[in-house]
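Novice: Data: structure15.txt, compact mmCIF, N, CA and C atoms.
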```
# COMPACT_ATOMS: atom_id res chain seq x y z
N MET A 1054 -55.65 -21.49 -61.57
CA MET A 1054 -55.84 -21.55 -60.15
C MET A 1054 -54.88 -20.55 -59.51
N THR A 1055 -55.42 -19.69 -58.69
CA THR A 1055 -54.63 -18.67 -58.04
C THR A 1055 -54.49 -19.01 -56.56
N VAL A 1056 -53.28 -18.98 -56.07
CA VAL A 1056 -53.02 -19.26 -54.65
C VAL A 1056 -52.76 -17.92 -53.98
N SER A 1057 -53.56 -17.62 -52.96
CA SER A 1057 -53.35 -16.35 -52.26
C SER A 1057 -52.36 -16.56 -51.13
N SER A 1058 -51.52 -15.63 -50.98
CA SER A 1058 -50.54 -15.71 -49.90
C SER A 1058 -51.12 -15.01 -48.68
N THR A 1059 -50.93 -15.63 -47.53
CA THR A 1059 -51.40 -15.01 -46.30
C THR A 1059 -50.32 -14.08 -45.77
N ALA A 1060 -50.76 -12.97 -45.30
CA ALA A 1060 -49.82 -12.00 -44.76
C ALA A 1060 -49.26 -12.50 -43.44
N SER A 1061 -47.97 -12.31 -43.24
CA SER A 1061 -47.37 -12.73 -41.98
C SER A 1061 -47.82 -11.79 -40.87
N PRO A 1062 -47.94 -12.32 -39.65
CA PRO A 1062 -48.39 -11.46 -38.54
C PRO A 1062 -47.39 -10.33 -38.31
N GLN A 1063 -47.92 -9.22 -37.87
CA GLN A 1063 -47.07 -8.07 -37.63
C GLN A 1063 -46.14 -8.33 -36.45
N ARG A 1064 -44.89 -8.02 -36.61
CA ARG A 1064 -43.89 -8.26 -35.56
C ARG A 1064 -43.95 -7.13 -34.53
N ILE A 1065 -44.01 -7.51 -33.27
CA ILE A 1065 -44.06 -6.54 -32.18
C ILE A 1065 -42.66 -6.39 -31.60
N GLU A 1066 -42.25 -5.17 -31.43
CA GLU A 1066 -40.91 -4.89 -30.90
C GLU A 1066 -40.80 -5.39 -29.46
N PRO A 1067 -39.61 -5.87 -29.05
CA PRO A 1067 -39.43 -6.42 -27.70
C PRO A 1067 -39.84 -5.46 -26.58
N GLY A 1068 -39.57 -4.19 -26.72
CA GLY A 1068 -39.92 -3.22 -25.69
C GLY A 1068 -41.41 -3.04 -25.51
N GLU A 1069 -42.20 -3.39 -26.52
CA GLU A 1069 -43.65 -3.22 -26.45
C GLU A 1069 -44.38 -4.49 -26.04
N ARG A 1070 -43.68 -5.61 -25.97
CA ARG A 1070 -44.32 -6.89 -25.64
C ARG A 1070 -44.64 -7.04 -24.16
N GLY A 1071 -43.94 -6.31 -23.32
CA GLY A 1071 -44.14 -6.49 -21.88
C GLY A 1071 -43.02 -7.35 -21.30
N ALA A 1072 -43.21 -7.77 -20.07
CA ALA A 1072 -42.18 -8.55 -19.41
C ALA A 1072 -42.82 -9.70 -18.66
N THR A 1073 -42.05 -10.75 -18.49
CA THR A 1073 -42.49 -11.89 -17.70
C THR A 1073 -41.76 -11.84 -16.38
N ARG A 1074 -42.51 -11.90 -15.30
CA ARG A 1074 -41.90 -11.90 -13.97
C ARG A 1074 -42.24 -13.22 -13.30
N ILE A 1075 -41.23 -13.92 -12.83
CA ILE A 1075 -41.42 -15.18 -12.12
C ILE A 1075 -41.37 -14.87 -10.64
N ALA A 1076 -42.41 -15.25 -9.91
CA ALA A 1076 -42.51 -14.96 -8.48
C ALA A 1076 -41.41 -15.66 -7.71
N ASP A 1077 -40.97 -15.03 -6.62
CA ASP A 1077 -39.94 -15.61 -5.77
C ASP A 1077 -40.33 -17.00 -5.28
N ARG A 1078 -41.59 -17.20 -4.93
CA ARG A 1078 -42.02 -18.50 -4.40
C ARG A 1078 -41.93 -19.60 -5.46
N VAL A 1079 -42.09 -19.24 -6.73
CA VAL A 1079 -41.94 -20.22 -7.81
C VAL A 1079 -40.47 -20.62 -7.93
N VAL A 1080 -39.58 -19.66 -7.88
CA VAL A 1080 -38.15 -19.95 -7.94
C VAL A 1080 -37.74 -20.78 -6.72
N ALA A 1081 -38.33 -20.49 -5.56
CA ALA A 1081 -38.04 -21.26 -4.35
C ALA A 1081 -38.48 -22.72 -4.51
N LYS A 1082 -39.61 -22.95 -5.14
CA LYS A 1082 -40.06 -24.32 -5.37
C LYS A 1082 -39.14 -25.05 -6.33
N ILE A 1083 -38.67 -24.36 -7.35
CA ILE A 1083 -37.71 -24.96 -8.29
C ILE A 1083 -36.44 -25.34 -7.52
N ALA A 1084 -35.96 -24.44 -6.67
CA ALA A 1084 -34.73 -24.68 -5.91
C ALA A 1084 -34.90 -25.86 -4.94
N ALA A 1085 -36.04 -25.93 -4.25
CA ALA A 1085 -36.28 -27.03 -3.31
C ALA A 1085 -36.33 -28.37 -4.04
N GLN A 1086 -36.98 -28.41 -5.18
CA GLN A 1086 -37.04 -29.64 -5.97
C GLN A 1086 -35.65 -30.04 -6.47
N ALA A 1087 -34.87 -29.07 -6.89
CA ALA A 1087 -33.52 -29.36 -7.34
C ALA A 1087 -32.66 -29.91 -6.20
N ALA A 1088 -32.85 -29.39 -4.99
CA ALA A 1088 -32.12 -29.90 -3.83
C ALA A 1088 -32.50 -31.35 -3.56
N ARG A 1089 -33.79 -31.67 -3.68
CA ARG A 1089 -34.24 -33.07 -3.50
C ARG A 1089 -33.59 -33.97 -4.54
N GLU A 1090 -33.50 -33.49 -5.77
CA GLU A 1090 -32.88 -34.28 -6.85
C GLU A 1090 -31.40 -34.52 -6.56
N ALA A 1091 -30.72 -33.55 -5.96
CA ALA A 1091 -29.28 -33.65 -5.73
C ALA A 1091 -28.94 -34.61 -4.60
N LEU A 1092 -29.83 -34.76 -3.64
CA LEU A 1092 -29.55 -35.64 -2.50
C LEU A 1092 -29.77 -37.08 -2.92
N GLN A 1093 -28.71 -37.85 -2.92
CA GLN A 1093 -28.81 -39.23 -3.39
C GLN A 1093 -29.49 -40.12 -2.36
N ALA A 1094 -29.25 -39.88 -1.10
CA ALA A 1094 -29.85 -40.72 -0.06
C ALA A 1094 -30.37 -39.85 1.07
N PRO A 1095 -31.54 -39.22 0.89
CA PRO A 1095 -32.07 -38.39 1.97
C PRO A 1095 -32.45 -39.27 3.16
N PRO A 1096 -32.37 -38.75 4.38
CA PRO A 1096 -32.74 -39.55 5.55
C PRO A 1096 -34.21 -39.95 5.50
N GLU A 1097 -34.48 -41.15 5.96
CA GLU A 1097 -35.85 -41.68 5.91
C GLU A 1097 -36.84 -40.80 6.65
N ASP A 1098 -36.49 -40.38 7.85
CA ASP A 1098 -37.42 -39.59 8.66
C ASP A 1098 -37.14 -38.09 8.59
N GLY A 1099 -36.37 -37.68 7.61
CA GLY A 1099 -36.01 -36.27 7.48
C GLY A 1099 -37.06 -35.47 6.73
N ALA A 1100 -37.07 -34.18 6.99
CA ALA A 1100 -37.98 -33.28 6.30
C ALA A 1100 -37.44 -32.99 4.90
N ALA A 1101 -38.32 -32.66 4.00
CA ALA A 1101 -37.92 -32.32 2.63
C ALA A 1101 -37.17 -30.99 2.64
N PRO A 1102 -36.25 -30.79 1.69
CA PRO A 1102 -35.54 -29.52 1.61
C PRO A 1102 -36.51 -28.35 1.41
N HIS A 1103 -36.14 -27.23 1.98
CA HIS A 1103 -36.95 -26.01 1.87
C HIS A 1103 -36.03 -24.89 1.37
N ALA A 1104 -36.55 -24.04 0.49
CA ALA A 1104 -35.72 -22.96 -0.06
C ALA A 1104 -36.42 -21.62 0.10
N THR A 1105 -35.62 -20.60 0.32
CA THR A 1105 -36.08 -19.22 0.27
C THR A 1105 -35.22 -18.51 -0.77
N VAL A 1106 -35.83 -17.57 -1.46
CA VAL A 1106 -35.17 -16.93 -2.60
C VAL A 1106 -35.40 -15.43 -2.55
N THR A 1107 -34.37 -14.70 -2.93
CA THR A 1107 -34.49 -13.26 -3.15
C THR A 1107 -34.11 -13.01 -4.60
N VAL A 1108 -35.05 -12.45 -5.36
CA VAL A 1108 -34.81 -12.18 -6.78
C VAL A 1108 -34.66 -10.68 -6.97
N HIS A 1109 -33.59 -10.31 -7.66
CA HIS A 1109 -33.36 -8.90 -8.02
C HIS A 1109 -32.99 -8.88 -9.49
N GLN A 1110 -33.86 -8.29 -10.30
CA GLN A 1110 -33.73 -8.27 -11.76
C GLN A 1110 -33.67 -9.71 -12.27
N ASP A 1111 -32.59 -10.13 -12.87
CA ASP A 1111 -32.49 -11.49 -13.41
C ASP A 1111 -31.53 -12.36 -12.61
N ALA A 1112 -31.39 -12.08 -11.32
CA ALA A 1112 -30.50 -12.87 -10.47
C ALA A 1112 -31.25 -13.33 -9.23
N ALA A 1113 -31.03 -14.58 -8.86
CA ALA A 1113 -31.70 -15.16 -7.69
C ALA A 1113 -30.65 -15.60 -6.68
N ARG A 1114 -30.80 -15.12 -5.46
CA ARG A 1114 -29.96 -15.59 -4.35
C ARG A 1114 -30.79 -16.58 -3.57
N VAL A 1115 -30.25 -17.78 -3.38
CA VAL A 1115 -31.02 -18.90 -2.85
C VAL A 1115 -30.43 -19.36 -1.52
N ARG A 1116 -31.31 -19.68 -0.57
CA ARG A 1116 -30.92 -20.32 0.68
C ARG A 1116 -31.72 -21.60 0.79
N VAL A 1117 -31.03 -22.74 0.88
CA VAL A 1117 -31.67 -24.05 0.97
C VAL A 1117 -31.42 -24.62 2.35
N SER A 1118 -32.48 -25.03 3.04
CA SER A 1118 -32.38 -25.69 4.33
C SER A 1118 -32.70 -27.16 4.12
N LEU A 1119 -31.84 -28.03 4.66
CA LEU A 1119 -32.08 -29.46 4.47
C LEU A 1119 -31.55 -30.27 5.64
N GLU A 1120 -31.95 -31.54 5.64
CA GLU A 1120 -31.50 -32.49 6.64
C GLU A 1120 -30.72 -33.58 5.91
N LEU A 1121 -29.64 -34.04 6.56
CA LEU A 1121 -28.78 -35.04 5.94
C LEU A 1121 -28.59 -36.23 6.86
N GLY A 1122 -28.27 -37.35 6.25
CA GLY A 1122 -27.91 -38.52 7.02
C GLY A 1122 -26.48 -38.38 7.53
N TYR A 1123 -26.20 -39.05 8.67
CA TYR A 1123 -24.86 -38.98 9.24
C TYR A 1123 -24.45 -40.37 9.67
N PRO A 1124 -23.30 -40.84 9.43
CA PRO A 1124 -22.18 -40.16 8.81
C PRO A 1124 -22.31 -40.15 7.29
N SER A 1125 -21.85 -39.09 6.69
CA SER A 1125 -21.83 -38.95 5.24
C SER A 1125 -20.85 -37.84 4.88
N ASP A 1126 -20.57 -37.70 3.61
CA ASP A 1126 -19.69 -36.64 3.15
C ASP A 1126 -20.55 -35.37 2.99
N ILE A 1127 -20.63 -34.61 4.05
CA ILE A 1127 -21.51 -33.44 4.08
C ILE A 1127 -21.08 -32.40 3.05
N GLY A 1128 -19.79 -32.17 2.93
CA GLY A 1128 -19.29 -31.19 1.96
C GLY A 1128 -19.65 -31.55 0.53
N ALA A 1129 -19.51 -32.82 0.18
CA ALA A 1129 -19.85 -33.26 -1.18
C ALA A 1129 -21.35 -33.12 -1.44
N GLN A 1130 -22.16 -33.45 -0.45
CA GLN A 1130 -23.61 -33.31 -0.64
C GLN A 1130 -24.02 -31.86 -0.79
N CYS A 1131 -23.42 -30.97 0.02
CA CYS A 1131 -23.73 -29.54 -0.10
C CYS A 1131 -23.29 -29.00 -1.46
N GLY A 1132 -22.13 -29.43 -1.94
CA GLY A 1132 -21.66 -29.01 -3.26
C GLY A 1132 -22.59 -29.47 -4.36
N ALA A 1133 -23.08 -30.72 -4.25
CA ALA A 1133 -24.01 -31.24 -5.25
C ALA A 1133 -25.31 -30.46 -5.24
N VAL A 1134 -25.78 -30.09 -4.05
CA VAL A 1134 -27.01 -29.30 -3.94
C VAL A 1134 -26.80 -27.94 -4.57
N ARG A 1135 -25.68 -27.29 -4.28
CA ARG A 1135 -25.40 -25.96 -4.86
C ARG A 1135 -25.39 -26.03 -6.39
N ARG A 1136 -24.69 -27.00 -6.94
CA ARG A 1136 -24.60 -27.11 -8.40
C ARG A 1136 -25.96 -27.39 -9.03
N GLN A 1137 -26.71 -28.32 -8.47
CA GLN A 1137 -28.02 -28.69 -9.03
C GLN A 1137 -29.01 -27.53 -8.95
N VAL A 1138 -29.02 -26.84 -7.82
CA VAL A 1138 -29.95 -25.70 -7.65
C VAL A 1138 -29.62 -24.61 -8.67
N ALA A 1139 -28.35 -24.25 -8.77
CA ALA A 1139 -27.95 -23.19 -9.72
C ALA A 1139 -28.31 -23.58 -11.15
N GLU A 1140 -28.04 -24.83 -11.52
CA GLU A 1140 -28.32 -25.29 -12.88
C GLU A 1140 -29.81 -25.29 -13.19
N ARG A 1141 -30.63 -25.81 -12.27
CA ARG A 1141 -32.07 -25.91 -12.53
C ARG A 1141 -32.75 -24.54 -12.54
N VAL A 1142 -32.36 -23.64 -11.64
CA VAL A 1142 -32.95 -22.30 -11.63
C VAL A 1142 -32.57 -21.57 -12.91
N ARG A 1143 -31.32 -21.72 -13.33
CA ARG A 1143 -30.87 -21.08 -14.58
C ARG A 1143 -31.66 -21.63 -15.78
N ALA A 1144 -31.85 -22.95 -15.81
CA ALA A 1144 -32.51 -23.57 -16.96
C ALA A 1144 -34.01 -23.31 -16.98
N LEU A 1145 -34.67 -23.39 -15.83
CA LEU A 1145 -36.13 -23.29 -15.80
C LEU A 1145 -36.65 -21.86 -15.63
N ALA A 1146 -35.91 -21.03 -14.92
CA ALA A 1146 -36.39 -19.66 -14.68
C ALA A 1146 -35.61 -18.63 -15.49
N GLY A 1147 -34.50 -19.03 -16.10
CA GLY A 1147 -33.72 -18.10 -16.89
C GLY A 1147 -33.02 -17.04 -16.06
N MET A 1148 -32.68 -17.39 -14.81
CA MET A 1148 -32.02 -16.43 -13.92
C MET A 1148 -30.61 -16.89 -13.59
N GLU A 1149 -29.75 -15.93 -13.40
CA GLU A 1149 -28.41 -16.23 -12.90
C GLU A 1149 -28.53 -16.49 -11.40
N VAL A 1150 -27.65 -17.35 -10.90
CA VAL A 1150 -27.68 -17.69 -9.48
C VAL A 1150 -26.27 -17.46 -8.91
N PRO A 1151 -26.00 -16.23 -8.45
CA PRO A 1151 -24.66 -15.94 -7.94
C PRO A 1151 -24.38 -16.56 -6.57
N GLU A 1152 -25.43 -16.96 -5.85
CA GLU A 1152 -25.22 -17.49 -4.50
C GLU A 1152 -26.26 -18.55 -4.17
N VAL A 1153 -25.77 -19.69 -3.69
CA VAL A 1153 -26.64 -20.73 -3.13
C VAL A 1153 -26.06 -21.07 -1.76
N ALA A 1154 -26.74 -20.65 -0.72
CA ALA A 1154 -26.32 -20.95 0.65
C ALA A 1154 -27.06 -22.20 1.11
N VAL A 1155 -26.31 -23.17 1.62
CA VAL A 1155 -26.91 -24.41 2.10
C VAL A 1155 -26.82 -24.42 3.62
N GLN A 1156 -27.96 -24.57 4.26
CA GLN A 1156 -28.04 -24.59 5.71
C GLN A 1156 -28.49 -25.99 6.14
N ILE A 1157 -27.68 -26.66 6.95
CA ILE A 1157 -28.02 -27.99 7.44
C ILE A 1157 -28.82 -27.81 8.73
N GLU A 1158 -30.07 -28.23 8.70
CA GLU A 1158 -30.95 -28.08 9.86
C GLU A 1158 -30.75 -29.21 10.88
N ARG A 1159 -30.49 -30.41 10.38
CA ARG A 1159 -30.39 -31.56 11.27
C ARG A 1159 -29.61 -32.67 10.59
N LEU A 1160 -28.86 -33.42 11.39
CA LEU A 1160 -28.18 -34.61 10.92
C LEU A 1160 -28.88 -35.82 11.53
N HIS A 1161 -29.20 -36.80 10.71
CA HIS A 1161 -29.88 -38.01 11.17
C HIS A 1161 -28.86 -39.14 11.22
N SER A 1162 -28.59 -39.63 12.41
CA SER A 1162 -27.61 -40.70 12.57
C SER A 1162 -28.22 -42.04 12.22
N ALA A 1163 -27.48 -42.81 11.45
CA ALA A 1163 -27.93 -44.16 11.10
C ALA A 1163 -27.76 -45.10 12.27
N HIS A 1164 -27.00 -44.69 13.29
CA HIS A 1164 -26.70 -45.55 14.43
C HIS A 1164 -27.74 -45.45 15.54
N THR A 1165 -28.63 -44.47 15.49
CA THR A 1165 -29.64 -44.37 16.54
C THR A 1165 -30.86 -45.17 16.12
N GLY A 1166 -31.45 -45.83 17.08
CA GLY A 1166 -32.63 -46.64 16.81
C GLY A 1166 -33.86 -45.98 17.36
N THR A 1167 -34.70 -46.76 18.01
CA THR A 1167 -35.93 -46.22 18.58
C THR A 1167 -35.59 -45.42 19.84
N ALA A 1168 -36.57 -44.77 20.40
CA ALA A 1168 -36.37 -43.96 21.61
C ALA A 1168 -35.90 -44.84 22.77
N ALA A 1169 -36.37 -46.08 22.85
CA ALA A 1169 -35.96 -46.98 23.92
C ALA A 1169 -34.49 -47.36 23.74
N ASP A 1170 -34.03 -47.53 22.53
CA ASP A 1170 -32.65 -47.89 22.28
C ASP A 1170 -31.68 -46.76 22.60
N ARG A 1171 -32.11 -45.52 22.49
CA ARG A 1171 -31.23 -44.38 22.72
C ARG A 1171 -30.80 -44.29 24.18
N GLY A 1172 -31.61 -44.77 25.10
CA GLY A 1172 -31.28 -44.69 26.51
C GLY A 1172 -30.27 -45.75 26.94
N ARG A 1173 -30.10 -46.78 26.18
CA ARG A 1173 -29.17 -47.86 26.52
C ARG A 1173 -27.78 -47.60 26.01
N ILE A 1174 -26.80 -47.95 26.80
CA ILE A 1174 -25.41 -47.86 26.36
C ILE A 1174 -25.04 -49.17 25.70
N GLN A 1175 -24.47 -49.07 24.54
CA GLN A 1175 -24.15 -50.29 23.80
C GLN A 1175 -22.69 -50.53 23.72
```
The structure given in the file should be rewritten as structure tokens.
Specialist:
Amino acid sequence: MTVSSTASPQRIEPGERGATRIADRVVAKIAAQAAREALQAPPEDGAAPHATVTVHQDAARVRVSLELGYPSDIGAQCGAVRRQVAERVRALAGMEVPEVAVQIERLHSAHTGTAADRGRIQ
């Protein structure tokens, strides 16, 4: 009984394989999702985090806009968002993230009630 060996596929050099380009909007979606993951207690009536990204070669500069509850440790939440966004973009898109700018669009106070309650002095 003769066993034939199959030839291994021909190896293509890295320069001839082409390149994979990840669109900026895909990286922005990864960043926005990572920001959602980092926020432990997002405000109930707040908008979801939104991200814009500028990609140059293998580096992504990210700007995340979000809403936070108040009172809270805003600095700690922004730091958590920065770390999570940088880690997830690096892991999922394979890009370095030299900058993550966090922009707070709105603070939602836990002490305000309905519109009728806001007019009353307590």
Novice: Give me, as a PyMOL selection string, all polymer residues having an atom no more than 8 Å from region 1101-1109 of chain A, counting all atoms listed in the file and skipping those fewer than 5 positions away in the same chain.
Specialist: chain A and resi 1076-1078+1080-1086+1088-1089+1114-1120
Novice: Check the DSSP output for the backbone and give back, as JSON, numbers by chain, the residues of chain A in strand (DSSP E).
Specialist: {"A": [1103, 1104, 1105, 1106, 1107, 1108, 1109, 1112, 1113, 1114, 1115, 1116, 1117, 1118, 1119, 1120, 1121, 1122, 1123, 1149, 1150, 1151, 1152, 1153, 1154, 1155, 1156, 1157, 1158, 1159, 1160, 1161, 1162]}
Novice: Would you mind telling me which residue in A:Val1142, A:Met1148, A:Val1079, A:Val1134 lies nearest to Gln1110 (chain A) when using all atoms listed in the file?
Specialist: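 Once distances to Gln1110 (chain A) are computed over all atoms listed in the file, the minimum belongs to A:Met1148.
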Novice: List every residue of chain A that DSSP, applied to the backbone of this structure, places in helix (DSSP H, G or I), and write the result as a ChimeraX atom specification.
Specialist: /A:1067-1070,1077-1091,1127-1146,1168-1171
Novice: Would you give the centre and edge lengths, in Å to one decimal, of a box along x, y and z around the listed atoms of region 1079-1097 of chain A, with 8 Å added to each side, as lines of an AutoDock Vina configuration file?
Specialist:
```
center_x = -35.4
center_y = -30.5
center_z = -0.8
size_x = 29.4
size_y = 38.4
size_z = 30.9
```
Novice: Calculate how many Å separate atom N of Pro1096 (chain A) from atom N of Gly1122 (chain A), rounding to one decimal.
Specialist: 4.7 Å
Novice: Quick one: pull the distance between atom N of Gln1156 (chain A) and atom C of Pro1095 (chain A), Å, one decimal.
Specialist: 15.4 Å
Novice: Restricting the calculation to all atoms listed in the file: of A:Ala1129, A:Leu1160, A:Val1155, A:Val1150, which residue gets closest to Ala1112 (chain A)?
Specialist: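 Between A:Ala1129, A:Leu1160, A:Val1155, A:Val1150, the residue approaching Ala1112 (chain A) most closely is A:Val1150.
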Novice: Could you work out how far CA of Gly1071 (chain A) lies from CA of Glu1140 (chain A), giving the answer in Å with one decimal?
Specialist: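 Pair CA of Glu1140 (chain A) / CA of Gly1071 (chain A) returns 26.2 Å.
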Novice: If we draw a sphere of 8 Å around (-26.4, -38.7, 12.3), which residues have at least one atom in it when counting all atoms listed in the file? Please report them as a VMD selection string.
Specialist: chain A and resid 1121 to 1125 1159 to 1165
Novice: Counting all atoms listed in the file, which of A:Pro1151, A:Arg1070, A:Ala1113, A:Gln1137 gets nearest to Glu1090 (chain A)?
Specialist: A:Gln1137
